>>> print(open('coords_35.pdb').read())   # PDB, C-alpha atoms and all ligand atoms
MODEL        1
ATOM      1  CA  MET L   1     117.114 157.135  37.412
ATOM      2  CA  ALA L   2     120.019 159.037  38.904
ATOM      3  CA  ALA L   3     121.493 157.384  41.992
ATOM      4  CA  SER L   4     121.086 159.506  45.096
ATOM      5  CA  ASN L   5     124.574 158.741  46.408
ATOM      6  CA  GLY L   6     126.490 159.685  43.236
ATOM      7  CA  ALA L   7     127.261 156.099  42.225
ATOM      8  CA  PRO L   8     127.879 156.037  38.470
ATOM      9  CA  LEU L   9     126.030 154.174  35.743
ATOM     10  CA  VAL L  10     128.325 151.349  34.575
ATOM     11  CA  VAL L  11     127.930 149.969  31.051
ATOM     12  CA  PHE L  12     129.682 146.683  30.345
ATOM     13  CA  ASP L  13     130.604 145.065  27.073
ATOM     14  CA  PHE L  14     130.118 141.266  27.381
ATOM     15  CA  ASP L  15     132.611 139.239  25.296
ATOM     16  CA  LYS L  16     136.169 139.408  26.710
ATOM     17  CA  THR L  17     134.911 141.853  29.354
ATOM     18  CA  ILE L  18     132.345 139.989  31.488
ATOM     19  CA  VAL L  19     133.279 136.581  30.093
ATOM     20  CA  ASP L  20     136.895 135.884  29.181
ATOM     21  CA  CYS L  21     136.100 134.618  25.677
ATOM     22  CA  ASP L  22     134.129 135.468  22.578
ATOM     23  CA  SER L  23     130.848 133.694  23.346
ATOM     24  CA  ASP L  24     130.033 132.994  19.673
ATOM     25  CA  ASN L  25     133.407 131.322  19.112
ATOM     26  CA  TRP L  26     133.136 129.541  22.463
ATOM     27  CA  VAL L  27     129.833 127.872  21.517
ATOM     28  CA  VAL L  28     130.915 127.075  17.963
ATOM     29  CA  ASP L  29     134.213 125.558  19.154
ATOM     30  CA  ALA L  30     132.514 123.566  21.929
ATOM     31  CA  LEU L  31     130.046 122.066  19.436
ATOM     32  CA  GLY L  32     132.807 121.137  16.982
ATOM     33  CA  ALA L  33     131.715 123.556  14.249
ATOM     34  CA  THR L  34     134.759 125.851  14.054
ATOM     35  CA  ARG L  35     135.690 125.130  10.435
ATOM     36  CA  ARG L  36     132.116 125.447   9.205
ATOM     37  CA  PHE L  37     131.714 128.754  11.031
ATOM     38  CA  ASP L  38     134.924 130.045   9.460
ATOM     39  CA  HIS L  39     133.519 129.055   6.066
ATOM     40  CA  LEU L  40     130.255 130.920   6.733
ATOM     41  CA  LEU L  41     132.242 134.015   7.719
ATOM     42  CA  ARG L  42     133.756 134.129   4.230
ATOM     43  CA  HIS L  43     130.321 134.870   2.798
ATOM     44  CA  LEU L  44     128.270 136.436   5.561
ATOM     45  CA  PRO L  45     128.576 139.285   8.061
ATOM     46  CA  TRP L  46     129.376 137.929  11.548
ATOM     47  CA  ASN L  47     125.877 138.381  12.973
ATOM     48  CA  HIS L  48     124.286 136.546  10.016
ATOM     49  CA  ALA L  49     126.954 133.824  10.158
ATOM     50  CA  ILE L  50     126.316 132.947  13.812
ATOM     51  CA  ASP L  51     122.550 132.789  13.110
ATOM     52  CA  ALA L  52     123.179 130.486  10.135
ATOM     53  CA  MET L  53     125.559 128.392  12.261
ATOM     54  CA  VAL L  54     123.073 127.780  15.074
ATOM     55  CA  GLY L  55     120.474 126.998  12.388
ATOM     56  CA  GLU L  56     122.738 124.284  10.962
ATOM     57  CA  LEU L  57     123.400 122.906  14.427
ATOM     58  CA  HIS L  58     119.651 122.755  15.092
ATOM     59  CA  ALA L  59     119.086 120.905  11.819
ATOM     60  CA  GLU L  60     121.640 118.329  13.010
ATOM     61  CA  GLY L  61     119.770 117.744  16.248
ATOM     62  CA  ARG L  62     121.652 120.090  18.584
ATOM     63  CA  THR L  63     119.219 121.685  21.016
ATOM     64  CA  ALA L  64     119.054 125.056  22.724
ATOM     65  CA  GLU L  65     119.888 123.172  25.912
ATOM     66  CA  ASP L  66     123.128 121.960  24.290
ATOM     67  CA  ILE L  67     124.042 125.600  23.639
ATOM     68  CA  ARG L  68     123.107 126.568  27.189
ATOM     69  CA  ALA L  69     125.387 123.837  28.521
ATOM     70  CA  CYS L  70     128.311 125.284  26.512
ATOM     71  CA  LEU L  71     127.602 128.770  27.811
ATOM     72  CA  ARG L  72     127.501 127.631  31.443
ATOM     73  CA  ALA L  73     131.099 126.460  30.973
ATOM     74  CA  ALA L  74     132.282 129.797  29.500
ATOM     75  CA  PRO L  75     135.048 131.361  31.627
ATOM     76  CA  LEU L  76     133.896 134.161  33.912
ATOM     77  CA  SER L  77     136.386 135.366  36.507
ATOM     78  CA  PRO L  78     135.269 135.424  40.153
ATOM     79  CA  HIS L  79     136.798 138.919  40.252
ATOM     80  CA  VAL L  80     134.247 140.072  37.646
ATOM     81  CA  ALA L  81     131.351 138.488  39.530
ATOM     82  CA  ALA L  82     132.542 140.094  42.770
ATOM     83  CA  ALA L  83     133.031 143.506  41.100
ATOM     84  CA  VAL L  84     129.549 143.419  39.576
ATOM     85  CA  LYS L  85     127.946 142.540  42.910
ATOM     86  CA  ALA L  86     130.013 145.102  44.824
ATOM     87  CA  ALA L  87     129.270 147.918  42.353
ATOM     88  CA  ARG L  88     125.563 147.107  42.542
ATOM     89  CA  ALA L  89     125.688 147.031  46.345
ATOM     90  CA  LEU L  90     127.339 150.476  46.318
ATOM     91  CA  GLY L  91     124.362 151.862  44.395
ATOM     92  CA  CYS L  92     125.509 151.663  40.771
ATOM     93  CA  GLU L  93     123.084 150.951  37.980
ATOM     94  CA  LEU L  94     124.657 148.344  35.688
ATOM     95  CA  ARG L  95     123.838 147.658  32.039
ATOM     96  CA  VAL L  96     125.187 145.360  29.330
ATOM     97  CA  LEU L  97     125.871 146.727  25.832
ATOM     98  CA  SER L  98     127.044 143.867  23.647
ATOM     99  CA  ASP L  99     127.294 142.591  20.093
ATOM    100  CA  ALA L 100     126.722 139.004  21.336
ATOM    101  CA  ASN L 101     123.035 138.122  21.714
ATOM    102  CA  ALA L 102     120.299 138.054  24.351
ATOM    103  CA  PHE L 103     120.185 134.243  24.649
ATOM    104  CA  PHE L 104     123.916 133.873  25.323
ATOM    105  CA  ILE L 105     124.104 136.818  27.737
ATOM    106  CA  ASP L 106     120.970 135.886  29.709
ATOM    107  CA  THR L 107     122.184 132.296  30.047
ATOM    108  CA  VAL L 108     125.618 133.296  31.378
ATOM    109  CA  LEU L 109     124.368 135.978  33.771
ATOM    110  CA  ALA L 110     121.704 133.644  35.172
ATOM    111  CA  HIS L 111     124.206 130.812  35.633
ATOM    112  CA  HIS L 112     126.470 133.061  37.712
ATOM    113  CA  GLY L 113     123.630 134.608  39.703
ATOM    114  CA  LEU L 114     124.222 138.050  38.194
ATOM    115  CA  SER L 115     120.972 138.695  36.295
ATOM    116  CA  ALA L 116     119.413 140.810  39.036
ATOM    117  CA  CYS L 117     122.486 143.071  39.165
ATOM    118  CA  PHE L 118     121.781 144.455  35.685
ATOM    119  CA  SER L 119     118.899 146.801  34.888
ATOM    120  CA  ALA L 120     119.017 146.275  31.104
ATOM    121  CA  THR L 121     120.829 144.556  28.248
ATOM    122  CA  ASP L 122     121.188 146.100  24.790
ATOM    123  CA  THR L 123     122.253 143.445  22.312
ATOM    124  CA  ASN L 124     121.219 141.483  19.227
ATOM    125  CA  PRO L 125     117.771 139.982  19.905
ATOM    126  CA  ALA L 126     117.410 136.202  20.041
ATOM    127  CA  HIS L 127     114.526 133.804  20.522
ATOM    128  CA  ILE L 128     113.745 130.126  20.274
ATOM    129  CA  ASP L 129     111.013 129.356  17.758
ATOM    130  CA  ALA L 130     108.274 126.715  18.017
ATOM    131  CA  ALA L 131     110.599 124.113  16.485
ATOM    132  CA  GLY L 132     113.250 124.812  19.130
ATOM    133  CA  ARG L 133     115.604 126.628  16.749
ATOM    134  CA  LEU L 134     117.548 129.553  18.222
ATOM    135  CA  THR L 135     117.307 132.606  15.973
ATOM    136  CA  ILE L 136     119.682 135.576  16.313
ATOM    137  CA  ARG L 137     118.776 138.872  14.665
ATOM    138  CA  PRO L 138     120.809 142.056  14.114
ATOM    139  CA  TYR L 139     120.281 144.902  16.608
ATOM    140  CA  HIS L 140     120.040 147.364  13.706
ATOM    141  CA  ASP L 141     118.406 145.906  10.608
ATOM    142  CA  PHE L 142     120.667 146.302   7.614
ATOM    143  CA  GLY L 143     120.950 144.966   4.084
ATOM    144  CA  SER L 144     117.694 144.219   2.282
ATOM    145  CA  GLY L 145     114.986 146.444   3.728
ATOM    146  CA  GLY L 146     116.980 147.644   6.734
ATOM    147  CA  ALA L 147     118.275 151.189   7.002
ATOM    148  CA  GLY L 148     121.265 150.255   9.157
ATOM    149  CA  HIS L 149     122.589 152.403  11.976
ATOM    150  CA  GLY L 150     124.037 155.209   9.861
ATOM    151  CA  CYS L 151     127.303 155.502  11.785
ATOM    152  CA  ALA L 152     130.282 156.132   9.537
ATOM    153  CA  LEU L 153     132.954 154.812  11.910
ATOM    154  CA  PRO L 154     134.604 151.747  10.333
ATOM    155  CA  THR L 155     134.995 150.186  13.782
ATOM    156  CA  CYS L 156     131.220 149.639  14.089
ATOM    157  CA  PRO L 157     129.902 146.386  12.557
ATOM    158  CA  PRO L 158     126.850 146.758  10.263
ATOM    159  CA  ASN L 159     124.469 145.097  12.727
ATOM    160  CA  MET L 160     125.267 147.250  15.761
ATOM    161  CA  CYS L 161     126.633 150.693  16.520
ATOM    162  CA  LYS L 162     127.198 150.751  20.266
ATOM    163  CA  GLY L 163     127.761 154.499  20.057
ATOM    164  CA  LYS L 164     124.196 155.039  18.819
ATOM    165  CA  VAL L 165     122.865 152.890  21.657
ATOM    166  CA  LEU L 166     124.942 154.718  24.259
ATOM    167  CA  GLU L 167     123.763 158.081  22.887
ATOM    168  CA  ARG L 168     120.185 156.998  23.649
ATOM    169  CA  ILE L 169     121.164 155.850  27.141
ATOM    170  CA  LEU L 170     122.971 159.155  27.830
ATOM    171  CA  LEU L 171     119.934 161.129  26.655
ATOM    172  CA  GLN L 172     117.768 159.143  29.082
ATOM    173  CA  GLU L 173     120.290 159.917  31.832
ATOM    174  CA  GLN L 174     120.158 163.627  31.047
ATOM    175  CA  GLU L 175     116.354 163.637  31.020
ATOM    176  CA  ALA L 176     116.173 161.699  34.303
ATOM    177  CA  ALA L 177     118.601 164.127  35.964
ATOM    178  CA  ALA L 178     116.624 167.120  34.710
ATOM    179  CA  ALA L 179     113.328 165.604  35.884
ATOM    180  CA  ALA L 180     114.847 164.990  39.310
ATOM    181  CA  GLY L 181     116.049 168.612  39.463
ATOM    182  CA  SER L 182     119.599 167.385  39.922
ATOM    183  CA  SER L 183     122.172 170.132  40.456
ATOM    184  CA  ARG L 184     124.581 168.031  38.381
ATOM    185  CA  LEU L 185     123.596 167.480  34.777
ATOM    186  CA  ARG L 186     123.715 163.728  35.303
ATOM    187  CA  ARG L 187     125.682 161.063  37.174
ATOM    188  CA  ALA L 188     129.000 159.864  35.746
ATOM    189  CA  VAL L 189     128.994 157.009  33.247
ATOM    190  CA  VAL L 190     131.670 154.291  33.166
ATOM    191  CA  TYR L 191     132.090 152.228  29.983
ATOM    192  CA  VAL L 192     134.048 148.950  30.160
ATOM    193  CA  GLY L 193     135.105 147.107  26.994
ATOM    194  CA  ASP L 194     137.827 145.555  24.894
ATOM    195  CA  GLY L 195     136.968 145.486  21.185
ATOM    196  CA  ARG L 196     136.884 147.744  18.133
ATOM    197  CA  GLY L 197     133.117 148.149  18.550
ATOM    198  CA  ASP L 198     133.717 149.657  21.997
ATOM    199  CA  TYR L 199     135.545 152.655  20.545
ATOM    200  CA  CYS L 200     132.449 154.446  19.193
ATOM    201  CA  PRO L 201     130.619 154.480  22.569
ATOM    202  CA  SER L 202     133.832 155.712  24.213
ATOM    203  CA  LEU L 203     133.641 158.798  21.999
ATOM    204  CA  LYS L 204     130.085 159.544  23.188
ATOM    205  CA  LEU L 205     131.230 160.003  26.794
ATOM    206  CA  ARG L 206     132.225 163.413  28.037
ATOM    207  CA  GLU L 207     134.531 164.942  30.612
ATOM    208  CA  GLY L 208     133.568 163.566  34.025
ATOM    209  CA  ASP L 209     132.844 160.109  32.567
ATOM    210  CA  TYR L 210     135.249 157.165  32.390
ATOM    211  CA  VAL L 211     136.210 154.607  29.786
ATOM    212  CA  MET L 212     137.880 151.403  30.972
ATOM    213  CA  PRO L 213     139.616 149.705  28.016
ATOM    214  CA  ARG L 214     141.138 146.246  28.394
ATOM    215  CA  ALA L 215     144.908 146.736  28.049
ATOM    216  CA  GLY L 216     146.444 145.086  25.000
ATOM    217  CA  TYR L 217     143.090 144.752  23.187
ATOM    218  CA  PRO L 218     141.938 146.643  20.058
ATOM    219  CA  VAL L 219     139.990 149.410  21.811
ATOM    220  CA  CYS L 220     143.165 150.412  23.651
ATOM    221  CA  ASP L 221     145.050 151.149  20.434
ATOM    222  CA  LEU L 222     142.107 153.116  19.045
ATOM    223  CA  ILE L 223     141.835 155.187  22.227
ATOM    224  CA  ALA L 224     145.587 155.802  22.269
ATOM    225  CA  ALA L 225     145.463 157.076  18.670
ATOM    226  CA  ALA L 226     142.482 159.397  19.220
ATOM    227  CA  PRO L 227     141.504 159.709  22.906
ATOM    228  CA  PRO L 228     137.913 160.416  24.006
ATOM    229  CA  ALA L 229     136.874 163.281  26.311
ATOM    230  CA  ALA L 230     136.273 160.820  29.159
ATOM    231  CA  ALA L 231     139.041 159.813  31.578
ATOM    232  CA  VAL L 232     140.796 156.632  30.426
ATOM    233  CA  ARG L 233     141.428 153.959  33.097
ATOM    234  CA  ALA L 234     142.824 150.785  31.526
ATOM    235  CA  TRP L 235     142.703 147.371  33.213
ATOM    236  CA  ALA L 236     145.204 144.568  32.716
ATOM    237  CA  ASP L 237     143.307 141.542  34.054
ATOM    238  CA  PHE L 238     140.039 140.834  35.826
ATOM    239  CA  GLU L 239     141.394 141.481  39.304
ATOM    240  CA  ASP L 240     142.552 144.837  37.947
ATOM    241  CA  LEU L 241     139.121 145.454  36.380
ATOM    242  CA  ALA L 242     137.549 145.036  39.812
ATOM    243  CA  ARG L 243     140.122 147.312  41.484
ATOM    244  CA  VAL L 244     139.855 150.085  38.872
ATOM    245  CA  LEU L 245     136.052 149.969  38.660
ATOM    246  CA  LEU L 246     135.445 150.011  42.409
ATOM    247  CA  GLY L 247     138.028 152.792  42.764
ATOM    248  CA  ILE L 248     136.036 154.930  40.314
ATOM    249  CA  VAL L 249     132.751 154.081  42.035
ATOM    250  CA  ASN L 250     134.093 155.030  45.463
ATOM    251  CA  ASP L 251     135.660 158.236  44.079
ATOM    252  CA  GLU L 252     132.342 159.270  42.515
ATOM    253  CA  ILE L 253     130.398 158.553  45.706
ATOM    254  CA  ALA L 254     132.944 160.563  47.707
ATOM    255  CA  ARG L 255     132.757 163.412  45.186
ATOM    256  CA  ALA L 256     128.960 163.506  45.460
ATOM    257  CA  ALA L 257     129.214 163.598  49.263
ATOM    258  CA  VAL L 258     131.587 166.573  49.079
ATOM    259  CA  THR L 259     129.245 168.363  46.678
ATOM    260  CA  GLU L 260     126.315 167.744  48.974
ATOM    261  CA  HIS L 261     128.227 169.105  51.944
ATOM    262  CA  ALA L 262     129.741 172.070  50.128
ATOM    263  CA  VAL L 263     128.397 175.315  51.615
ATOM    264  CA  VAL L 264     127.954 178.934  50.616
ATOM    265  CA  VAL L 265     130.554 181.435  51.804
ATOM    266  CA  PRO L 266     130.806 185.211  51.427
ATOM    267  CA  ALA L 267     132.115 186.521  48.106
ATOM    268  CA  ASP L 268     134.968 188.329  49.818
ATOM    269  CA  CYS L 269     135.990 185.285  51.793
ATOM    270  CA  CYS L 270     139.362 183.821  50.836
ATOM    271  CA  ARG L 271     138.394 180.254  51.711
ATOM    272  CA  THR L 272     138.909 177.791  48.847
ATOM    273  CA  MET L 273     137.734 174.526  50.428
ATOM    274  CA  PRO L 274     134.160 173.367  51.183
ATOM    275  CA  LEU L 275     133.181 173.383  54.842
ATOM    276  CA  PRO L 276     131.283 170.709  56.703
ATOM    277  CA  VAL L 277     127.559 171.393  56.909
ATOM    278  CA  HIS L 278     127.640 171.962  60.663
ATOM    279  CA  GLN L 279     129.890 175.005  60.126
ATOM    280  CA  GLU L 280     127.551 176.650  57.625
ATOM    281  CA  ALA L 281     125.532 178.344  60.364
ATOM    282  CA  LEU L 282     128.665 180.110  61.598
ATOM    283  CA  LEU L 283     129.136 181.982  58.335
ATOM    284  CA  PRO L 284     127.636 185.387  57.455
ATOM    285  CA  GLN L 285     124.650 184.969  55.094
ATOM    286  CA  GLN L 286     125.275 187.692  52.496
ATOM    287  CA  ALA L 287     126.883 187.999  49.059
ATOM    288  CA  ALA L 288     127.177 184.250  48.842
ATOM    289  CA  VAL L 289     128.983 182.267  46.171
ATOM    290  CA  ARG L 290     129.154 178.536  45.607
ATOM    291  CA  VAL L 291     132.557 177.037  46.388
ATOM    292  CA  PRO L 292     133.856 174.941  43.487
ATOM    293  CA  ASN L 293     134.607 171.308  44.169
TER     294      ASN L 293
HETATM  295 MG    MG R 301     134.125 142.512  23.801
ENDMDL
END
>>> encode(input="coords_35.pdb", output="structure tokens", more="lines below")
Ligand SMILES: [Mg+2]
Amino acid sequence: MAASNGAPLVVFDFDKTIVDCDSDNWVVDALGATRRFDHLLRHLPWNHAIDAMVGELHAEGRTAEDIRACLRAAPLSPHVAAAVKAARALGCELRVLSDANAFFIDTVLAHHGLSACFSATDTNPAHIDAAGRLTIRPYHDFGSGGAGHGCALPTCPPNMCKGKVLERILLQEQEAAAAAGSSRLRRAVVYVGDGRGDYCPSLKLREGDYVMPRAGYPVCDLIAAAPPAAAVRAWADFEDLARVLLGIVNDEIARAAVTEHAVVVPADCCRTMPLPVHQEALLPQQAAVRVPN
């Protein structure tokens, strides 16, 4: 639902954006399986390789709790935790859009007390079966029997097109704004990410939205080569992420307040700035025109 105060919807990537690591590599390295994972990657797509890897670890007696213990030790900056909580407190809806998996993300967010800050997570599904084996599935089924996501961008892995997912989220935003009779089409959307897979969703944003690429990471080069319609606000480190994100949130809330307080003025009036609401009654009530913000 659209926030009443103009706070934007913020969509976060997870790996190297919320946590300062790739969570798949973090778990594999922590459990001493780096070389075997590299070997699997020679034959399998990434998403299938990490599922096969956790299957091998289970067969060797590693438990889901062992994996959880690794994930609790994954680096997550206090600046990120503070930014997430502050953005939520300011009225933002927050979502995760990640090519990691539901088990890893849920474990990390719960450990840092952040689960309740997020309204939804779109990622590769994961579950623990009756034997205690963690299973990780692709978000979009592909290969034998699966149609795949159909996106032609080479930066999208076969198991997940984040652009397709964001398109669905943006459609829901548009429908919610229309149902609420919002004068704006919808609230602004902020997308925060670092990787090649974050480029496609950046292209789905429009003018008035924001993309926040991690400086020096692959999505930055892609955006520099072919910029999206959204405003680009890069961040250099996690303290910077917090500063840039909360700056956008406060700007959007202030913009919504100005829009709300903008008043009608006569068509022949030379005023160019909105007036405070309490001055509206002083103005003649004919031939009105909306003052642009
Ligand atoms: Mg990432």
>>> residues_around(input="coords_35.pdb", residues="stretch 86-96 of chain L", least_positions_apart="3", cutoff="9 Å", atoms="only C-alpha atoms", output="PyMOL selection string")
chain L and resi 1-14+81-83+105+117-123+245-246+249-250+253
>>> residues_near_ligand(input="coords_35.pdb", ligand="ligand MG 301 (chain R)", cutoff="8 Å", atoms="all atoms listed in the file", output="JSON, numbers by chain")
{"L": [13, 14, 15, 16, 17, 22, 98, 99, 193, 194, 195, 197, 198]}
>>> residues_around(input="coords_35.pdb", residues="L:Pro75", least_positions_apart="4", cutoff="8 Å", atoms="all atoms listed in the file", output="number ranges by chain")
L: 19-21
>>> closest_residue(input="coords_35.pdb", among="L:Ala231, L:Ile50, L:Ala215, L:Pro158", to="L:Asp141", atoms="all atoms listed in the file")
L:Pro158
>>> residues_around(input="coords_35.pdb", residues="L:Leu170", least_positions_apart="6", cutoff="12 Å", atoms="all atoms listed in the file", output="list in words")
Met1, Ala2, Leu9, Val10, Val11, Gly163, Lys164, Ala176, Ala177, Leu185, Arg186, Arg187, Ala188, Val189, Val190, Tyr191, Pro201, Ser202, Lys204, Leu205, Arg206 and Asp209 of chain L
>>> write_last_selection(input="coords_35.pdb", atoms="C-alpha atoms", output="mmCIF file, keeping the file's coordinate frame")
data_model
loop_
_atom_site.group_PDB
_atom_site.id
_atom_site.type_symbol
_atom_site.label_atom_id
_atom_site.label_comp_id
_atom_site.auth_asym_id
_atom_site.auth_seq_id
_atom_site.Cartn_x
_atom_site.Cartn_y
_atom_site.Cartn_z
ATOM 1 C CA MET L 1 117.114 157.135 37.412
ATOM 2 C CA ALA L 2 120.019 159.037 38.904
ATOM 3 C CA LEU L 9 126.030 154.174 35.743
ATOM 4 C CA VAL L 10 128.325 151.349 34.575
ATOM 5 C CA VAL L 11 127.930 149.969 31.051
ATOM 6 C CA GLY L 163 127.761 154.499 20.057
ATOM 7 C CA LYS L 164 124.196 155.039 18.819
ATOM 8 C CA ALA L 176 116.173 161.699 34.303
ATOM 9 C CA ALA L 177 118.601 164.127 35.964
ATOM 10 C CA LEU L 185 123.596 167.480 34.777
ATOM 11 C CA ARG L 186 123.715 163.728 35.303
ATOM 12 C CA ARG L 187 125.682 161.063 37.174
ATOM 13 C CA ALA L 188 129.000 159.864 35.746
ATOM 14 C CA VAL L 189 128.994 157.009 33.247
ATOM 15 C CA VAL L 190 131.670 154.291 33.166
ATOM 16 C CA TYR L 191 132.090 152.228 29.983
ATOM 17 C CA PRO L 201 130.619 154.480 22.569
ATOM 18 C CA SER L 202 133.832 155.712 24.213
ATOM 19 C CA LYS L 204 130.085 159.544 23.188
ATOM 20 C CA LEU L 205 131.230 160.003 26.794
ATOM 21 C CA ARG L 206 132.225 163.413 28.037
ATOM 22 C CA ASP L 209 132.844 160.109 32.567
#
>>> resolve_selection(input="coords_35.pdb", expression="the PyMOL selection byres (((chain L and resi 241) around 9) and not hetatm)", output="list in words")
Thr17, His79, Val80, Ala83, Val192, Met212, Arg214, Ala234, Trp235, Ala236, Asp237, Phe238, Glu239, Asp240, Ala242, Arg243, Val244, Leu245 and Leu246 of chain L
>>> build_atoms(input="coords_35.pdb", residues="stretch 58-82 of chain L", atoms="N, CA and C atoms", output="compact mmCIF listing (two decimals), in the coordinates of the input")
# COMPACT_ATOMS: atom_id res chain seq x y z
N HIS L 58 121.01 123.21 14.76
CA HIS L 58 119.65 122.76 15.09
C HIS L 58 119.20 121.67 14.11
N ALA L 59 119.49 121.88 12.84
CA ALA L 59 119.09 120.90 11.82
C ALA L 59 119.76 119.55 12.05
N GLU L 60 120.91 119.58 12.73
CA GLU L 60 121.64 118.33 13.01
C GLU L 60 121.24 117.72 14.35
N GLY L 61 120.27 118.33 15.01
CA GLY L 61 119.77 117.74 16.25
C GLY L 61 120.31 118.36 17.52
N ARG L 62 121.17 119.38 17.38
CA ARG L 62 121.65 120.09 18.58
C ARG L 62 120.52 120.96 19.13
N THR L 63 120.34 120.96 20.42
CA THR L 63 119.22 121.68 21.02
C THR L 63 119.70 122.99 21.66
N ALA L 64 118.73 123.82 22.00
CA ALA L 64 119.05 125.06 22.72
C ALA L 64 119.70 124.71 24.07
N GLU L 65 119.30 123.58 24.64
CA GLU L 65 119.89 123.17 25.91
C GLU L 65 121.36 122.80 25.72
N ASP L 66 121.71 122.24 24.57
CA ASP L 66 123.13 121.96 24.29
C ASP L 66 123.94 123.26 24.29
N ILE L 67 123.36 124.29 23.69
CA ILE L 67 124.04 125.60 23.64
C ILE L 67 124.15 126.19 25.04
N ARG L 68 123.07 126.07 25.81
CA ARG L 68 123.11 126.57 27.19
C ARG L 68 124.22 125.88 27.98
N ALA L 69 124.36 124.58 27.78
CA ALA L 69 125.39 123.84 28.52
C ALA L 69 126.79 124.36 28.18
N CYS L 70 127.01 124.69 26.91
CA CYS L 70 128.31 125.28 26.51
C CYS L 70 128.52 126.61 27.24
N LEU L 71 127.47 127.42 27.25
CA LEU L 71 127.60 128.77 27.81
C LEU L 71 127.84 128.74 29.32
N ARG L 72 127.28 127.74 29.99
CA ARG L 72 127.50 127.63 31.44
C ARG L 72 128.97 127.34 31.74
N ALA L 73 129.67 126.78 30.77
CA ALA L 73 131.10 126.46 30.97
C ALA L 73 132.02 127.59 30.51
N ALA L 74 131.46 128.67 29.97
CA ALA L 74 132.28 129.80 29.50
C ALA L 74 133.01 130.43 30.68
N PRO L 75 134.28 130.81 30.50
CA PRO L 75 135.05 131.36 31.63
C PRO L 75 134.56 132.74 32.05
N LEU L 76 134.27 132.86 33.32
CA LEU L 76 133.90 134.16 33.91
C LEU L 76 134.65 134.27 35.24
N SER L 77 135.52 135.23 35.32
CA SER L 77 136.39 135.37 36.51
C SER L 77 135.57 135.67 37.77
N PRO L 78 135.94 135.06 38.89
CA PRO L 78 135.27 135.42 40.15
C PRO L 78 135.49 136.89 40.51
N HIS L 79 136.57 137.49 40.00
CA HIS L 79 136.80 138.92 40.25
C HIS L 79 135.73 139.77 39.55
N VAL L 80 135.30 139.34 38.35
CA VAL L 80 134.25 140.07 37.65
C VAL L 80 132.93 139.94 38.40
N ALA L 81 132.60 138.70 38.79
CA ALA L 81 131.35 138.49 39.53
C ALA L 81 131.34 139.32 40.81
N ALA L 82 132.46 139.33 41.51
CA ALA L 82 132.54 140.09 42.77
C ALA L 82 132.43 141.60 42.50
